[in-house]
Structure formats: C-alpha cells, structure tokens
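This is work13.cif (mmCIF, C-alpha atoms, pLDDT in the B column; chains and numbers go by the auth columns).
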```cif
data_model
loop_
_atom_site.group_PDB
_atom_site.id
_atom_site.type_symbol
_atom_site.label_atom_id
_atom_site.label_comp_id
_atom_site.label_asym_id
_atom_site.label_seq_id
_atom_site.Cartn_x
_atom_site.Cartn_y
_atom_site.Cartn_z
_atom_site.B_iso_or_equiv
_atom_site.auth_seq_id
_atom_site.auth_asym_id
ATOM 1 C CA MET A 1 57.775 -10.128 36.141 49.00 1 D
ATOM 2 C CA THR A 2 59.124 -6.803 37.425 52.00 2 D
ATOM 3 C CA ARG A 3 56.521 -4.580 39.045 55.00 3 D
ATOM 4 C CA MET A 4 56.814 -0.808 38.615 50.00 4 D
ATOM 5 C CA LYS A 5 57.052 1.032 41.904 52.00 5 D
ATOM 6 C CA ARG A 6 54.564 3.754 42.846 52.00 6 D
ATOM 7 C CA LYS A 7 57.372 6.295 42.779 48.00 7 D
ATOM 8 C CA ASP A 8 58.269 5.310 39.202 51.00 8 D
ATOM 9 C CA LEU A 9 54.615 5.583 38.139 44.00 9 D
ATOM 10 C CA LEU A 10 54.337 9.067 39.562 46.00 10 D
ATOM 11 C CA ASN A 11 57.550 10.152 37.866 51.00 11 D
ATOM 12 C CA ALA A 12 56.614 8.614 34.478 47.00 12 D
ATOM 13 C CA PRO A 13 55.902 11.169 31.712 52.00 13 D
ATOM 14 C CA ASP A 14 52.205 11.976 31.121 50.00 14 D
ATOM 15 C CA GLU A 15 51.501 11.099 27.457 53.00 15 D
ATOM 16 C CA PHE A 16 48.545 13.477 27.217 48.00 16 D
ATOM 17 C CA VAL A 17 50.578 16.389 28.578 50.00 17 D
ATOM 18 C CA THR A 18 53.495 15.520 26.332 56.00 18 D
ATOM 19 C CA THR A 19 51.289 15.311 23.228 57.00 19 D
ATOM 20 C CA THR A 20 49.474 18.541 24.102 58.00 20 D
ATOM 21 C CA SER A 21 52.774 20.304 24.621 62.00 21 D
ATOM 22 C CA SER A 22 53.996 19.111 21.199 67.00 22 D
ATOM 23 C CA VAL A 23 50.802 20.303 19.513 58.00 23 D
ATOM 24 C CA LEU A 24 51.030 23.729 21.174 62.00 24 D
ATOM 25 C CA THR A 25 54.653 24.002 20.111 73.00 25 D
ATOM 26 C CA TRP A 26 53.731 23.175 16.514 61.00 26 D
ATOM 27 C CA ILE A 27 50.922 25.765 16.558 59.00 27 D
ATOM 28 C CA LYS A 28 53.309 28.435 17.810 67.00 28 D
ATOM 29 C CA GLU A 29 55.828 27.568 15.114 68.00 29 D
ATOM 30 C CA ASN A 30 53.168 27.294 12.340 67.00 30 D
ATOM 31 C CA PRO A 31 50.413 29.823 13.153 69.00 31 D
ATOM 32 C CA GLN A 32 49.470 30.431 9.514 72.00 32 D
ATOM 33 C CA ARG A 33 49.078 26.729 8.667 68.00 33 D
ATOM 34 C CA PHE A 34 47.061 26.205 11.861 57.00 34 D
ATOM 35 C CA ALA A 35 44.756 29.112 11.008 63.00 35 D
ATOM 36 C CA ILE A 36 44.196 27.767 7.495 70.00 36 D
ATOM 37 C CA GLY A 37 43.397 24.314 8.892 64.00 37 D
ATOM 38 C CA VAL A 38 40.865 25.757 11.335 60.00 38 D
ATOM 39 C CA ILE A 39 39.228 27.791 8.567 64.00 39 D
ATOM 40 C CA ILE A 40 38.918 24.699 6.353 64.00 40 D
ATOM 41 C CA ILE A 41 37.357 22.620 9.149 64.00 41 D
ATOM 42 C CA VAL A 42 34.912 25.376 10.056 57.00 42 D
ATOM 43 C CA ALA A 43 34.013 25.856 6.385 58.00 43 D
ATOM 44 C CA LEU A 44 33.338 22.123 5.972 59.00 44 D
ATOM 45 C CA VAL A 45 31.149 21.983 9.075 57.00 45 D
ATOM 46 C CA VAL A 46 29.221 25.131 8.198 55.00 46 D
ATOM 47 C CA GLY A 47 28.923 24.093 4.543 53.00 47 D
ATOM 48 C CA GLY A 48 27.635 20.635 5.477 53.00 48 D
ATOM 49 C CA TYR A 49 25.068 22.064 7.857 48.00 49 D
ATOM 50 C CA GLY A 50 24.067 24.707 5.340 52.00 50 D
ATOM 51 C CA PHE A 51 23.543 22.112 2.601 44.00 51 D
ATOM 52 C CA TYR A 52 21.502 19.911 4.949 47.00 52 D
ATOM 53 C CA TYR A 53 19.352 22.864 5.980 45.00 53 D
ATOM 54 C CA TRP A 54 18.889 23.949 2.349 44.00 54 D
ATOM 55 C CA LYS A 55 18.037 20.421 1.219 58.00 55 D
ATOM 56 C CA THR A 56 15.574 19.869 4.063 69.00 56 D
ATOM 57 C CA SER A 57 13.976 23.250 3.501 77.00 57 D
ATOM 58 C CA LYS A 58 13.633 22.595 -0.227 83.00 58 D
ATOM 59 C CA GLU A 59 12.072 19.181 0.407 85.00 59 D
ATOM 60 C CA LEU A 60 9.492 20.734 2.741 89.00 60 D
ATOM 61 C CA ASP A 61 8.739 23.597 0.346 89.00 61 D
ATOM 62 C CA GLY A 62 8.394 21.135 -2.520 88.00 62 D
ATOM 63 C CA MET A 63 6.004 18.895 -0.604 88.00 63 D
ATOM 64 C CA HIS A 64 3.899 21.885 0.399 90.00 64 D
ATOM 65 C CA ALA A 65 3.729 22.994 -3.249 90.00 65 D
ATOM 66 C CA TYR A 66 2.872 19.433 -4.288 89.00 66 D
ATOM 67 C CA MET A 67 -0.066 19.321 -1.877 91.00 67 D
ATOM 68 C CA GLN A 68 -1.266 22.736 -3.004 91.00 68 D
ATOM 69 C CA ALA A 69 -1.144 21.659 -6.674 90.00 69 D
ATOM 70 C CA ALA A 70 -3.528 18.711 -6.206 87.00 70 D
ATOM 71 C CA GLY A 71 -5.968 18.489 -9.124 86.00 71 D
ATOM 72 C CA ASN A 72 -4.177 21.188 -11.133 93.00 72 D
ATOM 73 C CA SER A 73 -1.991 19.898 -13.955 91.00 73 D
ATOM 74 C CA GLN A 74 -0.300 23.240 -14.627 93.00 74 D
ATOM 75 C CA LEU A 75 0.699 23.735 -10.987 94.00 75 D
ATOM 76 C CA THR A 76 1.802 20.100 -10.774 92.00 76 D
ATOM 77 C CA LEU A 77 4.007 20.579 -13.833 94.00 77 D
ATOM 78 C CA GLN A 78 5.480 23.677 -12.205 94.00 78 D
ATOM 79 C CA VAL A 79 6.332 21.673 -9.079 93.00 79 D
ATOM 80 C CA ALA A 80 7.911 18.957 -11.226 94.00 80 D
ATOM 81 C CA GLN A 81 10.148 21.525 -12.896 94.00 81 D
ATOM 82 C CA GLU A 82 11.049 23.725 -9.900 92.00 82 D
ATOM 83 C CA TYR A 83 11.592 20.864 -7.449 91.00 83 D
ATOM 84 C CA SER A 84 12.849 18.209 -9.848 89.00 84 D
ATOM 85 C CA ASP A 85 15.498 16.918 -7.426 89.00 85 D
ATOM 86 C CA THR A 86 13.081 16.472 -4.523 91.00 86 D
ATOM 87 C CA LYS A 87 10.583 13.727 -3.702 92.00 87 D
ATOM 88 C CA ALA A 88 7.732 16.149 -4.405 91.00 88 D
ATOM 89 C CA GLY A 89 9.101 16.934 -7.846 93.00 89 D
ATOM 90 C CA LYS A 90 9.404 13.254 -8.697 94.00 90 D
ATOM 91 C CA LEU A 91 5.957 12.409 -7.348 93.00 91 D
ATOM 92 C CA SER A 92 4.598 15.229 -9.500 95.00 92 D
ATOM 93 C CA LYS A 93 5.659 13.223 -12.558 96.00 93 D
ATOM 94 C CA LEU A 94 3.577 10.300 -11.298 95.00 94 D
ATOM 95 C CA ARG A 95 0.592 12.585 -10.750 95.00 95 D
ATOM 96 C CA LEU A 96 1.024 14.030 -14.258 96.00 96 D
ATOM 97 C CA ALA A 97 1.093 10.506 -15.667 96.00 97 D
ATOM 98 C CA ARG A 98 -2.200 9.723 -13.949 95.00 98 D
ATOM 99 C CA MET A 99 -3.755 13.008 -15.069 95.00 99 D
ATOM 100 C CA SER A 100 -2.632 12.475 -18.657 95.00 100 D
ATOM 101 C CA TYR A 101 -4.159 9.005 -18.658 94.00 101 D
ATOM 102 C CA ASP A 102 -7.448 10.298 -17.256 93.00 102 D
ATOM 103 C CA GLN A 103 -7.510 12.948 -19.993 94.00 103 D
ATOM 104 C CA GLY A 104 -6.997 10.293 -22.664 94.00 104 D
ATOM 105 C CA ASN A 105 -3.449 11.373 -23.526 96.00 105 D
ATOM 106 C CA GLN A 106 -1.829 7.940 -23.386 96.00 106 D
ATOM 107 C CA LYS A 107 1.426 9.064 -24.993 96.00 107 D
ATOM 108 C CA MET A 108 2.063 11.664 -22.285 96.00 108 D
ATOM 109 C CA ALA A 109 0.968 9.219 -19.584 96.00 109 D
ATOM 110 C CA ILE A 110 3.629 6.751 -20.753 96.00 110 D
ATOM 111 C CA SER A 111 6.258 9.489 -20.974 96.00 111 D
ATOM 112 C CA TYR A 112 5.614 10.887 -17.474 96.00 112 D
ATOM 113 C CA ALA A 113 5.379 7.399 -15.948 96.00 113 D
ATOM 114 C CA GLY A 114 8.714 6.483 -17.530 96.00 114 D
ATOM 115 C CA GLU A 115 10.361 9.659 -16.222 96.00 115 D
ATOM 116 C CA PHE A 116 9.061 8.942 -12.731 96.00 116 D
ATOM 117 C CA ILE A 117 10.320 5.338 -12.761 96.00 117 D
ATOM 118 C CA ASP A 118 13.774 6.440 -13.920 94.00 118 D
ATOM 119 C CA SER A 119 14.078 9.156 -11.264 93.00 119 D
ATOM 120 C CA TRP A 120 12.432 7.439 -8.291 94.00 120 D
ATOM 121 C CA GLY A 121 15.021 4.694 -7.986 88.00 121 D
ATOM 122 C CA ARG A 122 13.217 2.249 -5.710 90.00 122 D
ATOM 123 C CA LYS A 123 10.517 -0.374 -6.169 91.00 123 D
ATOM 124 C CA ASP A 124 7.868 0.736 -3.713 93.00 124 D
ATOM 125 C CA ILE A 125 4.119 1.242 -4.146 93.00 125 D
ATOM 126 C CA PHE A 126 4.664 4.405 -6.212 94.00 126 D
ATOM 127 C CA HIS A 127 6.956 2.538 -8.620 96.00 127 D
ATOM 128 C CA TRP A 128 4.339 -0.134 -9.219 96.00 128 D
ATOM 129 C CA GLN A 129 1.587 2.453 -9.676 95.00 129 D
ATOM 130 C CA ALA A 130 3.680 4.033 -12.440 96.00 130 D
ATOM 131 C CA ILE A 131 4.198 0.613 -14.041 96.00 131 D
ATOM 132 C CA LEU A 132 0.436 -0.013 -14.035 95.00 132 D
ATOM 133 C CA ILE A 133 -0.293 3.389 -15.573 95.00 133 D
ATOM 134 C CA MET A 134 2.245 2.732 -18.321 96.00 134 D
ATOM 135 C CA ALA A 135 0.944 -0.773 -18.991 96.00 135 D
ATOM 136 C CA THR A 136 -2.676 0.364 -19.081 95.00 136 D
ATOM 137 C CA ALA A 137 -1.812 3.227 -21.428 96.00 137 D
ATOM 138 C CA TYR A 138 -0.126 0.741 -23.783 95.00 138 D
ATOM 139 C CA ILE A 139 -3.262 -1.425 -23.694 94.00 139 D
ATOM 140 C CA GLN A 140 -5.364 1.603 -24.612 93.00 140 D
ATOM 141 C CA GLN A 141 -3.030 2.188 -27.559 94.00 141 D
ATOM 142 C CA LYS A 142 -3.375 -1.512 -28.461 92.00 142 D
ATOM 143 C CA GLU A 143 0.364 -2.049 -27.952 93.00 143 D
ATOM 144 C CA MET A 144 0.008 -5.337 -26.092 91.00 144 D
ATOM 145 C CA ALA A 145 3.587 -6.408 -26.779 90.00 145 D
ATOM 146 C CA LYS A 146 4.801 -3.489 -24.667 93.00 146 D
ATOM 147 C CA SER A 147 2.154 -3.865 -22.002 94.00 147 D
ATOM 148 C CA LEU A 148 2.460 -7.572 -21.195 95.00 148 D
ATOM 149 C CA PRO A 149 6.120 -7.557 -19.971 95.00 149 D
ATOM 150 C CA LEU A 150 5.303 -4.688 -17.608 96.00 150 D
ATOM 151 C CA LEU A 151 2.314 -6.576 -16.240 95.00 151 D
ATOM 152 C CA ASP A 152 4.374 -9.754 -15.828 95.00 152 D
ATOM 153 C CA ASP A 153 6.886 -7.740 -13.783 95.00 153 D
ATOM 154 C CA CYS A 154 4.059 -6.590 -11.491 94.00 154 D
ATOM 155 C CA ILE A 155 2.660 -10.099 -11.206 94.00 155 D
ATOM 156 C CA GLU A 156 6.008 -11.537 -10.154 94.00 156 D
ATOM 157 C CA ASN A 157 7.354 -8.764 -7.921 94.00 157 D
ATOM 158 C CA ALA A 158 4.680 -6.280 -6.823 92.00 158 D
ATOM 159 C CA PRO A 159 2.614 -6.313 -3.596 89.00 159 D
ATOM 160 C CA LYS A 160 -0.624 -8.299 -3.618 85.00 160 D
ATOM 161 C CA SER A 161 -2.949 -5.354 -4.335 82.00 161 D
ATOM 162 C CA ILE A 162 -0.887 -4.362 -7.383 90.00 162 D
ATOM 163 C CA ARG A 163 -0.490 -7.999 -8.446 91.00 163 D
ATOM 164 C CA ASP A 164 -4.268 -8.486 -8.635 88.00 164 D
ATOM 165 C CA GLN A 165 -4.688 -5.405 -10.794 89.00 165 D
ATOM 166 C CA ALA A 166 -1.870 -6.569 -13.066 93.00 166 D
ATOM 167 C CA LEU A 167 -3.461 -10.010 -13.463 91.00 167 D
ATOM 168 C CA PHE A 168 -6.799 -8.467 -14.356 86.00 168 D
ATOM 169 C CA LEU A 169 -5.164 -6.111 -16.882 90.00 169 D
ATOM 170 C CA LYS A 170 -3.145 -8.947 -18.382 92.00 170 D
ATOM 171 C CA ALA A 171 -6.320 -10.987 -18.823 86.00 171 D
ATOM 172 C CA SER A 172 -7.978 -7.978 -20.453 84.00 172 D
ATOM 173 C CA ALA A 173 -5.061 -7.693 -22.889 90.00 173 D
ATOM 174 C CA GLN A 174 -5.243 -11.408 -23.672 88.00 174 D
ATOM 175 C CA VAL A 175 -8.981 -11.162 -24.317 84.00 175 D
ATOM 176 C CA ALA A 176 -8.338 -8.243 -26.664 85.00 176 D
ATOM 177 C CA LEU A 177 -5.857 -10.462 -28.515 88.00 177 D
ATOM 178 C CA GLY A 178 -8.506 -13.182 -28.818 86.00 178 D
ATOM 179 C CA LYS A 179 -6.768 -15.445 -26.302 88.00 179 D
ATOM 180 C CA SER A 180 -9.678 -16.194 -24.003 82.00 180 D
ATOM 181 C CA SER A 181 -8.279 -19.535 -22.825 87.00 181 D
ATOM 182 C CA GLU A 182 -5.028 -17.890 -21.717 90.00 182 D
ATOM 183 C CA ALA A 183 -7.046 -15.109 -20.102 84.00 183 D
ATOM 184 C CA LYS A 184 -8.982 -17.684 -18.065 84.00 184 D
ATOM 185 C CA GLN A 185 -5.712 -19.181 -16.844 88.00 185 D
ATOM 186 C CA THR A 186 -4.495 -15.740 -15.866 88.00 186 D
ATOM 187 C CA LEU A 187 -7.716 -14.956 -14.046 84.00 187 D
ATOM 188 C CA SER A 188 -7.481 -18.180 -12.057 83.00 188 D
ATOM 189 C CA ARG A 189 -4.670 -16.452 -10.126 85.00 189 D
ATOM 190 C CA VAL A 190 -6.758 -13.360 -9.333 80.00 190 D
ATOM 191 C CA SER A 191 -8.168 -12.994 -5.823 76.00 191 D
ATOM 192 C CA GLU A 192 -11.920 -13.106 -5.148 74.00 192 D
ATOM 193 C CA SER A 193 -12.432 -9.329 -5.286 71.00 193 D
ATOM 194 C CA TYR A 194 -11.700 -9.314 -9.030 68.00 194 D
ATOM 195 C CA ARG A 195 -13.230 -12.597 -10.202 69.00 195 D
ATOM 196 C CA ASP A 196 -16.813 -11.407 -10.694 74.00 196 D
ATOM 197 C CA ILE A 197 -15.620 -8.527 -12.878 72.00 197 D
ATOM 198 C CA ALA A 198 -13.369 -10.920 -14.778 64.00 198 D
ATOM 199 C CA LYS A 199 -16.270 -13.280 -15.523 69.00 199 D
ATOM 200 C CA ILE A 200 -18.257 -10.388 -16.994 71.00 200 D
ATOM 201 C CA LEU A 201 -15.268 -9.420 -19.130 64.00 201 D
ATOM 202 C CA LEU A 202 -14.812 -12.922 -20.510 63.00 202 D
ATOM 203 C CA ALA A 203 -18.533 -13.369 -21.167 67.00 203 D
ATOM 204 C CA SER A 204 -18.621 -10.171 -23.227 60.00 204 D
ATOM 205 C CA LYS A 205 -15.846 -11.292 -25.606 52.00 205 D
ATOM 206 C CA PRO A 206 -16.286 -13.837 -28.388 48.00 206 D
ATOM 207 C CA VAL A 207 -14.011 -16.839 -28.541 44.00 207 D
ATOM 208 C CA SER A 208 -11.494 -16.601 -31.370 43.00 208 D
ATOM 209 C CA SER A 209 -11.695 -18.895 -34.423 37.00 209 D
ATOM 210 C CA GLN A 210 -8.403 -20.560 -33.510 40.00 210 D
ATOM 211 C CA GLU A 211 -9.703 -21.344 -30.015 38.00 211 D
ATOM 212 C CA LYS A 212 -12.864 -22.863 -31.509 36.00 212 D
ATOM 213 C CA ILE A 213 -10.702 -25.129 -33.685 28.00 213 D
ATOM 214 C CA ASN A 214 -8.551 -26.099 -30.675 36.00 214 D
ATOM 215 C CA ALA A 215 -11.671 -26.792 -28.591 32.00 215 D
ATOM 216 C CA GLU A 216 -13.033 -29.111 -31.311 32.00 216 D
#
```

Could I get this structure in the form of structure tokens?
Amino acid sequence: MTRMKRKDLLNAPDEFVTTTSSVLTWIKENPQRFAIGVIIIVALVVGGYGFYYWKTSKELDGMHAYMQAAGNSQLTLQVAQEYSDTKAGKLSKLRLARMSYDQGNQKMAISYAGEFIDSWGRKDIFHWQAILIMATAYIQQKEMAKSLPLLDDCIENAPKSIRDQALFLKASAQVALGKSSEAKQTLSRVSESYRDIAKILLASKPVSSQEKINAE
C-alpha cells in the first residue's frame, strides 16, 4: 500500500477551504437569492419561538384562570370557551360535568363529560373520572344500558381506585335492575373499603321474583 508523503499531505487541497470558497462565490453571484434564504430561515426560527412562547403563555394564563374559577360555574364555562385549546380549557369541561351532576343536571353532566373525553385524548385519571361521571349520570337517569358498558371499561382498564368505584356502581345498577345475584358476584371483586357499604346496599333491596324462582 502506497503511503502519502508529508509533503503531499501539506500540499493537498483543504476541503473546508475549498467548500467555503465555493459558497462565498455563490453568494457573491446570487446575493438576492441568498438574502431571501436568510430571511426565510430567520422568519422560521422567530416564528417557531414566537408560537412556542405564545402557546406556553396561553397555557399558563389558562391554568391561572382555571384555578381562579374554582367553585364558580360561570367563570369555569368562560375558561372552557376562551382557553378551549389548552389543558385548562379541557379540564374546565370536566369540572363543569362534575358541577352539573352535583346540581342534578344529568343531561349536561353527560354532555360535558363526553366533550372532555373527546378533547383530552389520553386515558389518565382525568379520563376515568369523566367516564365515572357519565356512567353515574346515566344510572341516575335509569339508562342502565348506557351506563354498564362504561363501567365495564373502567373495571377492565382503569387504575385500582377507579376500578373499585366502577364495581360498586355496576353492582348498584344491577340491584336497580333486580339482579341481586349478579350484583353479589360483582361486589365479590370489590376491595375491602367498599364491601361494608355494598352489604348495606344489597340488604336494602328486595330480591326479584325471577331470582326467588331460580333460588327455589
């Protein structure tokens, strides 16, 4: 293998210098195109930073407004509308769902919970809270057919704390349908913290005629 001599290495063309020289030559020959390119790059950088700053600022303003609106449905609705594309705006829908339920407006509770679920886009604790609100509101409206699939989703996929609540609510729905035996099976999966309440619930409901026949 032929080895390059030190003299040849020193006399070899410098690629960086050659490339730089070519670029400078092109800039001199195309000053207008170079200027336009620089303007575009600067605009993209400044625009990207500006959007990031605006988005971050809006998120912070929205969260501040969300905290200030605690306990006030009108202010919470205002946050939901003015900051609809922020986390605060979306969480406001969840708060409105809870407030509507507490006020006995089950239809609005279901509507707000559904809007939150659609906009939130991830299955975290807030998602499951919205599912529980919706399911409970359906139970209050005696629409068990709509409630039970939501509760089954919680039971299969939600964290343990949510799962226990879903099991208890499902048992409550089954009791309301006169299915005490199925409710007992459901409650057998509930953790200790809910079992005493569940026993009281079952004891307060009569066994259905069909279950009496089956028991005989």

Problem set entry | Interatomic distance (Å, one decimal) between CA of Val79 in chain D and CA of Tyr66 in chain D |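 Going from CA of Val79 in chain D over to CA of Tyr66 in chain D, I get 6.3 Å.
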
Evaluate the PyMOL selection byres ((chain D and resi 99-108) around 12) and record the selected residues as a PDB file with C-alpha atoms, in the frame of the given file, following the chain and residue labels used in the document.
```pdb
ATOM      1  CA  ALA D  70      -3.528  18.711  -6.206  1.00 87.00           C
ATOM      2  CA  GLY D  71      -5.968  18.489  -9.124  1.00 86.00           C
ATOM      3  CA  ASN D  72      -4.177  21.188 -11.133  1.00 93.00           C
ATOM      4  CA  SER D  73      -1.991  19.898 -13.955  1.00 91.00           C
ATOM      5  CA  GLN D  74      -0.300  23.240 -14.627  1.00 93.00           C
ATOM      6  CA  THR D  76       1.802  20.100 -10.774  1.00 92.00           C
ATOM      7  CA  LEU D  77       4.007  20.579 -13.833  1.00 94.00           C
ATOM      8  CA  SER D  92       4.598  15.229  -9.500  1.00 95.00           C
ATOM      9  CA  LYS D  93       5.659  13.223 -12.558  1.00 96.00           C
ATOM     10  CA  LEU D  94       3.577  10.300 -11.298  1.00 95.00           C
ATOM     11  CA  ARG D  95       0.592  12.585 -10.750  1.00 95.00           C
ATOM     12  CA  LEU D  96       1.024  14.030 -14.258  1.00 96.00           C
ATOM     13  CA  ALA D  97       1.093  10.506 -15.667  1.00 96.00           C
ATOM     14  CA  ARG D  98      -2.200   9.723 -13.949  1.00 95.00           C
ATOM     15  CA  ALA D 109       0.968   9.219 -19.584  1.00 96.00           C
ATOM     16  CA  ILE D 110       3.629   6.751 -20.753  1.00 96.00           C
ATOM     17  CA  SER D 111       6.258   9.489 -20.974  1.00 96.00           C
ATOM     18  CA  TYR D 112       5.614  10.887 -17.474  1.00 96.00           C
ATOM     19  CA  ALA D 113       5.379   7.399 -15.948  1.00 96.00           C
ATOM     20  CA  GLY D 114       8.714   6.483 -17.530  1.00 96.00           C
ATOM     21  CA  GLU D 115      10.361   9.659 -16.222  1.00 96.00           C
ATOM     22  CA  ALA D 130       3.680   4.033 -12.440  1.00 96.00           C
ATOM     23  CA  LEU D 132       0.436  -0.013 -14.035  1.00 95.00           C
ATOM     24  CA  ILE D 133      -0.293   3.389 -15.573  1.00 95.00           C
ATOM     25  CA  MET D 134       2.245   2.732 -18.321  1.00 96.00           C
ATOM     26  CA  ALA D 135       0.944  -0.773 -18.991  1.00 96.00           C
ATOM     27  CA  THR D 136      -2.676   0.364 -19.081  1.00 95.00           C
ATOM     28  CA  ALA D 137      -1.812   3.227 -21.428  1.00 96.00           C
ATOM     29  CA  TYR D 138      -0.126   0.741 -23.783  1.00 95.00           C
ATOM     30  CA  ILE D 139      -3.262  -1.425 -23.694  1.00 94.00           C
ATOM     31  CA  GLN D 140      -5.364   1.603 -24.612  1.00 93.00           C
ATOM     32  CA  GLN D 141      -3.030   2.188 -27.559  1.00 94.00           C
ATOM     33  CA  LYS D 142      -3.375  -1.512 -28.461  1.00 92.00           C
ATOM     34  CA  GLU D 143       0.364  -2.049 -27.952  1.00 93.00           C
TER      35      GLU D 143
END
```

Problem set entry | From D:Met67, D:Ile197, D:Leu151, D:Ala158, residue lying nearest Lys123 in chain D [only C-alpha atoms] | D:Ala158

Problem set entry | Nearby residues, (-8.1, -10.4, -12.4) file frame, 10 Å, all atoms listed in the file, as a VMD selection string | chain D and resid 163 to 172 183 to 184 186 to 199 201

Restricting the output to C-alpha atoms, write the selected residues as a PDB file, keeping the file's coordinate frame.
```
ATOM      1  CA  ARG D 163      -0.490  -7.999  -8.446  1.00 91.00           C
ATOM      2  CA  ASP D 164      -4.268  -8.486  -8.635  1.00 88.00           C
ATOM      3  CA  GLN D 165      -4.688  -5.405 -10.794  1.00 89.00           C
ATOM      4  CA  ALA D 166      -1.870  -6.569 -13.066  1.00 93.00           C
ATOM      5  CA  LEU D 167      -3.461 -10.010 -13.463  1.00 91.00           C
ATOM      6  CA  PHE D 168      -6.799  -8.467 -14.356  1.00 86.00           C
ATOM      7  CA  LEU D 169      -5.164  -6.111 -16.882  1.00 90.00           C
ATOM      8  CA  LYS D 170      -3.145  -8.947 -18.382  1.00 92.00           C
ATOM      9  CA  ALA D 171      -6.320 -10.987 -18.823  1.00 86.00           C
ATOM     10  CA  SER D 172      -7.978  -7.978 -20.453  1.00 84.00           C
ATOM     11  CA  ALA D 183      -7.046 -15.109 -20.102  1.00 84.00           C
ATOM     12  CA  LYS D 184      -8.982 -17.684 -18.065  1.00 84.00           C
ATOM     13  CA  THR D 186      -4.495 -15.740 -15.866  1.00 88.00           C
ATOM     14  CA  LEU D 187      -7.716 -14.956 -14.046  1.00 84.00           C
ATOM     15  CA  SER D 188      -7.481 -18.180 -12.057  1.00 83.00           C
ATOM     16  CA  ARG D 189      -4.670 -16.452 -10.126  1.00 85.00           C
ATOM     17  CA  VAL D 190      -6.758 -13.360  -9.333  1.00 80.00           C
ATOM     18  CA  SER D 191      -8.168 -12.994  -5.823  1.00 76.00           C
ATOM     19  CA  GLU D 192     -11.920 -13.106  -5.148  1.00 74.00           C
ATOM     20  CA  SER D 193     -12.432  -9.329  -5.286  1.00 71.00           C
ATOM     21  CA  TYR D 194     -11.700  -9.314  -9.030  1.00 68.00           C
ATOM     22  CA  ARG D 195     -13.230 -12.597 -10.202  1.00 69.00           C
ATOM     23  CA  ASP D 196     -16.813 -11.407 -10.694  1.00 74.00           C
ATOM     24  CA  ILE D 197     -15.620  -8.527 -12.878  1.00 72.00           C
ATOM     25  CA  ALA D 198     -13.369 -10.920 -14.778  1.00 64.00           C
ATOM     26  CA  LYS D 199     -16.270 -13.280 -15.523  1.00 69.00           C
ATOM     27  CA  LEU D 201     -15.268  -9.420 -19.130  1.00 64.00           C
TER      28      LEU D 201
END
```

For this session: Using CA of Gln129 in chain D and CA of Ser181 in chain D as the two end points, give the distance in Å to one decimal.
Result: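 About the pair CA of Gln129 in chain D and CA of Ser181 in chain D: they are 27.5 Å apart.
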
Exercise. Expanded to explicit residues, what is the PyMOL selection byres ((chain D and resi 61) around 12) for this file, as a list in words?
Worked result: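 Selection result, ordered by chain and number: Trp54, Lys55, Thr56, Ser57, Lys58, Glu59, Leu60, Gly62, Met63, His64, Ala65, Tyr66, Met67, Gln68, Val79, Glu82, Tyr83, Thr86, Lys87, Ala88 and Gly89 of chain D.
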
Those selected residues, please, written with C-alpha atoms and delivered as an mmCIF file, in the frame of the given file.
```cif
data_model
loop_
_atom_site.group_PDB
_atom_site.id
_atom_site.type_symbol
_atom_site.label_atom_id
_atom_site.label_comp_id
_atom_site.auth_asym_id
_atom_site.auth_seq_id
_atom_site.Cartn_x
_atom_site.Cartn_y
_atom_site.Cartn_z
ATOM 1 C CA TRP D 54 18.889 23.949 2.349
ATOM 2 C CA LYS D 55 18.037 20.421 1.219
ATOM 3 C CA THR D 56 15.574 19.869 4.063
ATOM 4 C CA SER D 57 13.976 23.250 3.501
ATOM 5 C CA LYS D 58 13.633 22.595 -0.227
ATOM 6 C CA GLU D 59 12.072 19.181 0.407
ATOM 7 C CA LEU D 60 9.492 20.734 2.741
ATOM 8 C CA GLY D 62 8.394 21.135 -2.520
ATOM 9 C CA MET D 63 6.004 18.895 -0.604
ATOM 10 C CA HIS D 64 3.899 21.885 0.399
ATOM 11 C CA ALA D 65 3.729 22.994 -3.249
ATOM 12 C CA TYR D 66 2.872 19.433 -4.288
ATOM 13 C CA MET D 67 -0.066 19.321 -1.877
ATOM 14 C CA GLN D 68 -1.266 22.736 -3.004
ATOM 15 C CA VAL D 79 6.332 21.673 -9.079
ATOM 16 C CA GLU D 82 11.049 23.725 -9.900
ATOM 17 C CA TYR D 83 11.592 20.864 -7.449
ATOM 18 C CA THR D 86 13.081 16.472 -4.523
ATOM 19 C CA LYS D 87 10.583 13.727 -3.702
ATOM 20 C CA ALA D 88 7.732 16.149 -4.405
ATOM 21 C CA GLY D 89 9.101 16.934 -7.846
#
```

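The space between CA of Ala69 in chain D and CA of Asp118 in chain D spans 22.5 Å.
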
Axis-aligned box for all listed atoms of range 94-113 of chain D, 8 Å per side, centre and edges in Å to one decimal, as JSON:
```
{"center_x": -0.6, "center_y": 10.4, "center_z": -17.9, "size_x": 29.8, "size_y": 23.3, "size_z": 30.2}
```

Exercise. For Phe116 in chain D, which residue out of D:Asn157, D:Ser180, D:Gln78, D:Ser84 is the nearest one, using only C-alpha atoms?
Worked result: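 Ranking D:Asn157, D:Ser180, D:Gln78, D:Ser84 by distance to Phe116 in chain D, first place goes to D:Ser84.
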